[in-house]
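Student: Handing you a structure now.
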Amino acid sequence: MRVLLIGANGYLGRFVADRLLADPAVQLTALGRGDDADVRFDLASGSPGALTRFLDAVHPGVVINCAGSIRGGARELTRHNTVAVATVCEALRRSGCGARLVQIGCGAEYGPSQPGSSTAEDAIPRPGGPYGVSKLAATELVLGSGLDAVVLRVFSPAGPGTPAGSPLGRLAEALRRAMQSGDGELKLGGLGVQRDFVDVRDVARAVHAASLSAAQGVINIGAGRAVRLRDAAAVLARVAGYGGNLHELDGPVHPMRPAIGHPRSDPEHAPPIAYPYPDGCGSWQQADVRTARDRLGWRPRINLEESLADIWMEAACRI
């Protein structure tokens, strides 16, 4: 099976590439903006016609799109998350390759949900920020394209390679600084949110399964269990061997003050982290993952403690 992977150098894409390369039946071609891609192409600025010619030449059986952006203003997010997907869909419609499309969506497309509830694929999406809006627009483009396509709505990925600017990445960095300086108290804020963390390697397994299946539509990919960020912080401190106290700051997070890793002194020079989870999903998110089980034969295998231990190992290497 010839697979074209778009965004192979991103956080999710690297693990998807590893998973596909481990399958001897897969012949993988990577397309992206970086120099190390097999083919350099910018979806946000490239034309559908150029991508069509490449598809006709390579003739993949599956196209997996892991490309996108999680940071930036509405205009940038729209370019990289929506316009880019429109280019992929149009190129596939024009091409004679007949490839199946596996699009990586996100839980932020749903927006806030009722605490205690599990969000299923038939929930009405109400994204609470420009990132979720840009990803939802991409999903709608895929679903309305007429292609053989599936969208995997990935909730909160965790594990090795977690970006340092993500909430779990910032927690690990705050712990690293505290241990390096011998600080016996770590002040943390904004830890009340609850998210459904799923290991990035389990996500890669889901993508692999989706590429081999005939499933279409939207499929949630998560652990199926919401975890409070303060509980994740406690587990992270334990696996790091941090013997100090975790002191949670009371009250709402000020928009110009850091939410995680607040220093003991000189707060005016702290990095301006605005919110612990700027995904527009409110205080609670938990995926209903029964569709992934039933249609992909997929279940998460890696628990959160293992994911957090891998996050810490990477942070500890920076000491």
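Starting from 1 in every chain, residues are counted up; chains themselves are A, B, ... following the order of the structure tokens, and ligands are numbered from 1 as listed.
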Give me, as a list of chain:residue names, all polymer residues having an atom no more than 8 Å from Trp312 (chain A), counting only C-alpha atoms and skipping those fewer than 4 positions away in the same chain.
Tutor: A:Ala172, A:Leu236, A:Val239, A:Ala240, A:Leu308, A:Ala316
Student: Could you write out that same residue set with C-alpha atoms as a tab-separated table (two decimals), in the first residue's frame?
Tutor:
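Output (result.tsv):
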chain	number	residue	atom	x	y	z
A	172	ALA	CA	7.20	19.55	33.14
A	236	LEU	CA	4.18	14.27	36.98
A	239	VAL	CA	7.46	10.38	38.42
A	240	ALA	CA	9.95	13.28	38.49
A	308	LEU	CA	3.75	11.71	31.73
A	316	ALA	CA	14.87	16.19	32.56
Student: Might you pull out every residue within 12 Å of Thr291 (chain A), with only C-alpha atoms counted and same-chain residues fewer than 3 positions away left off, and present them as a list in words?
Tutor: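 My list of contacting residues is Thr119, Ala120, Glu121, Asp122, Leu152, Arg153, Ala206, Ala210, Ala215, Gln216, Gly217, Val218, Ile219, Asn220, Ile221, Gly222, Gly224, Ala287, Asp288, Asp294, Arg295, Leu296, Gly297, Trp298 and Arg299 of chain A.
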Student: Let me see the file: selected residues, C-alpha atoms, as a PDB file, in the first residue's frame.
Tutor:
ATOM      1  CA  THR A 119     -18.930  13.704  23.849  1.00  0.00           C
ATOM      2  CA  ALA A 120     -19.973  11.433  20.998  1.00  0.00           C
ATOM      3  CA  GLU A 121     -19.553  12.059  17.297  1.00  0.00           C
ATOM      4  CA  ASP A 122     -23.185  13.142  16.877  1.00  0.00           C
ATOM      5  CA  LEU A 152     -10.189  11.368  13.435  1.00  0.00           C
ATOM      6  CA  ARG A 153     -11.054  13.876  16.150  1.00  0.00           C
ATOM      7  CA  ALA A 206      -5.573   4.801  15.339  1.00  0.00           C
ATOM      8  CA  ALA A 210      -8.162   4.147   9.900  1.00  0.00           C
ATOM      9  CA  ALA A 215     -14.835   3.630   8.017  1.00  0.00           C
ATOM     10  CA  GLN A 216     -16.052   7.064   6.982  1.00  0.00           C
ATOM     11  CA  GLY A 217     -17.300  10.163   8.788  1.00  0.00           C
ATOM     12  CA  VAL A 218     -16.006  11.355  12.160  1.00  0.00           C
ATOM     13  CA  ILE A 219     -14.401   9.108  14.781  1.00  0.00           C
ATOM     14  CA  ASN A 220     -13.274  10.285  18.226  1.00  0.00           C
ATOM     15  CA  ILE A 221      -9.810   9.302  19.418  1.00  0.00           C
ATOM     16  CA  GLY A 222      -9.267   9.684  23.155  1.00  0.00           C
ATOM     17  CA  GLY A 224     -12.491   8.029  27.233  1.00  0.00           C
ATOM     18  CA  ALA A 287     -14.508  11.607  24.541  1.00  0.00           C
ATOM     19  CA  ASP A 288     -16.969   8.852  23.852  1.00  0.00           C
ATOM     20  CA  ASP A 294     -16.478  -0.662  16.968  1.00  0.00           C
ATOM     21  CA  ARG A 295     -15.351   0.643  13.573  1.00  0.00           C
ATOM     22  CA  LEU A 296     -11.551   0.616  13.851  1.00  0.00           C
ATOM     23  CA  GLY A 297     -10.995  -2.118  16.415  1.00  0.00           C
ATOM     24  CA  TRP A 298      -8.959   0.457  18.340  1.00  0.00           C
ATOM     25  CA  ARG A 299      -8.557   0.977  22.058  1.00  0.00           C
TER      26      ARG A 299
END
Student: Pick the closest to Arg100 (chain A) from A:Thr162, A:Ser213, A:Ser117, A:Asn9: which is it, counting only C-alpha atoms?
Tutor: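 Between A:Thr162, A:Ser213, A:Ser117, A:Asn9, the residue approaching Arg100 (chain A) most closely is A:Ser213.
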Student: Could you tell me, as number ranges by chain, which residues of region 76-289 of chain A DSSP assigns to helix (DSSP H, G or I) when given the backbone?
Tutor: A: 76-94, 107-109, 130-143, 167-181, 200-212, 229-240, 267-269
Student: Please return, as number ranges by chain, all residues of region 114-308 of chain A that DSSP assigns to strand (DSSP E or B) on the basis of the backbone.
Tutor: A: 119, 149-154, 156-158, 185-188, 194-195, 197-199, 217-221, 227-228, 245-248, 262, 284, 287
Student: Suppose you want the space between CA of Leu101 (chain A) and CA of Ile64 (chain A); what is it in Å?
Tutor: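 Distance between the two atoms: 5.9 Å.
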Student: Between CA of Gly282 (chain A) and CA of Ile311 (chain A), what is the spacing in Å?
Tutor: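 About the pair CA of Ile311 (chain A) and CA of Gly282 (chain A): they are 24.2 Å apart.
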Student: Of the residues A:Gly241, A:Leu246, A:Lys135, A:Pro157, which is the one nearest to Val203 (chain A), using only C-alpha atoms?
Tutor: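 Ranking A:Gly241, A:Leu246, A:Lys135, A:Pro157 by distance to Val203 (chain A), first place goes to A:Pro157.
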Student: So how many Å separate CA of Val289 (chain A) and CA of Gly107 (chain A), to one decimal?
Tutor: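 Pair CA of Val289 (chain A) / CA of Gly107 (chain A) returns 11.8 Å.
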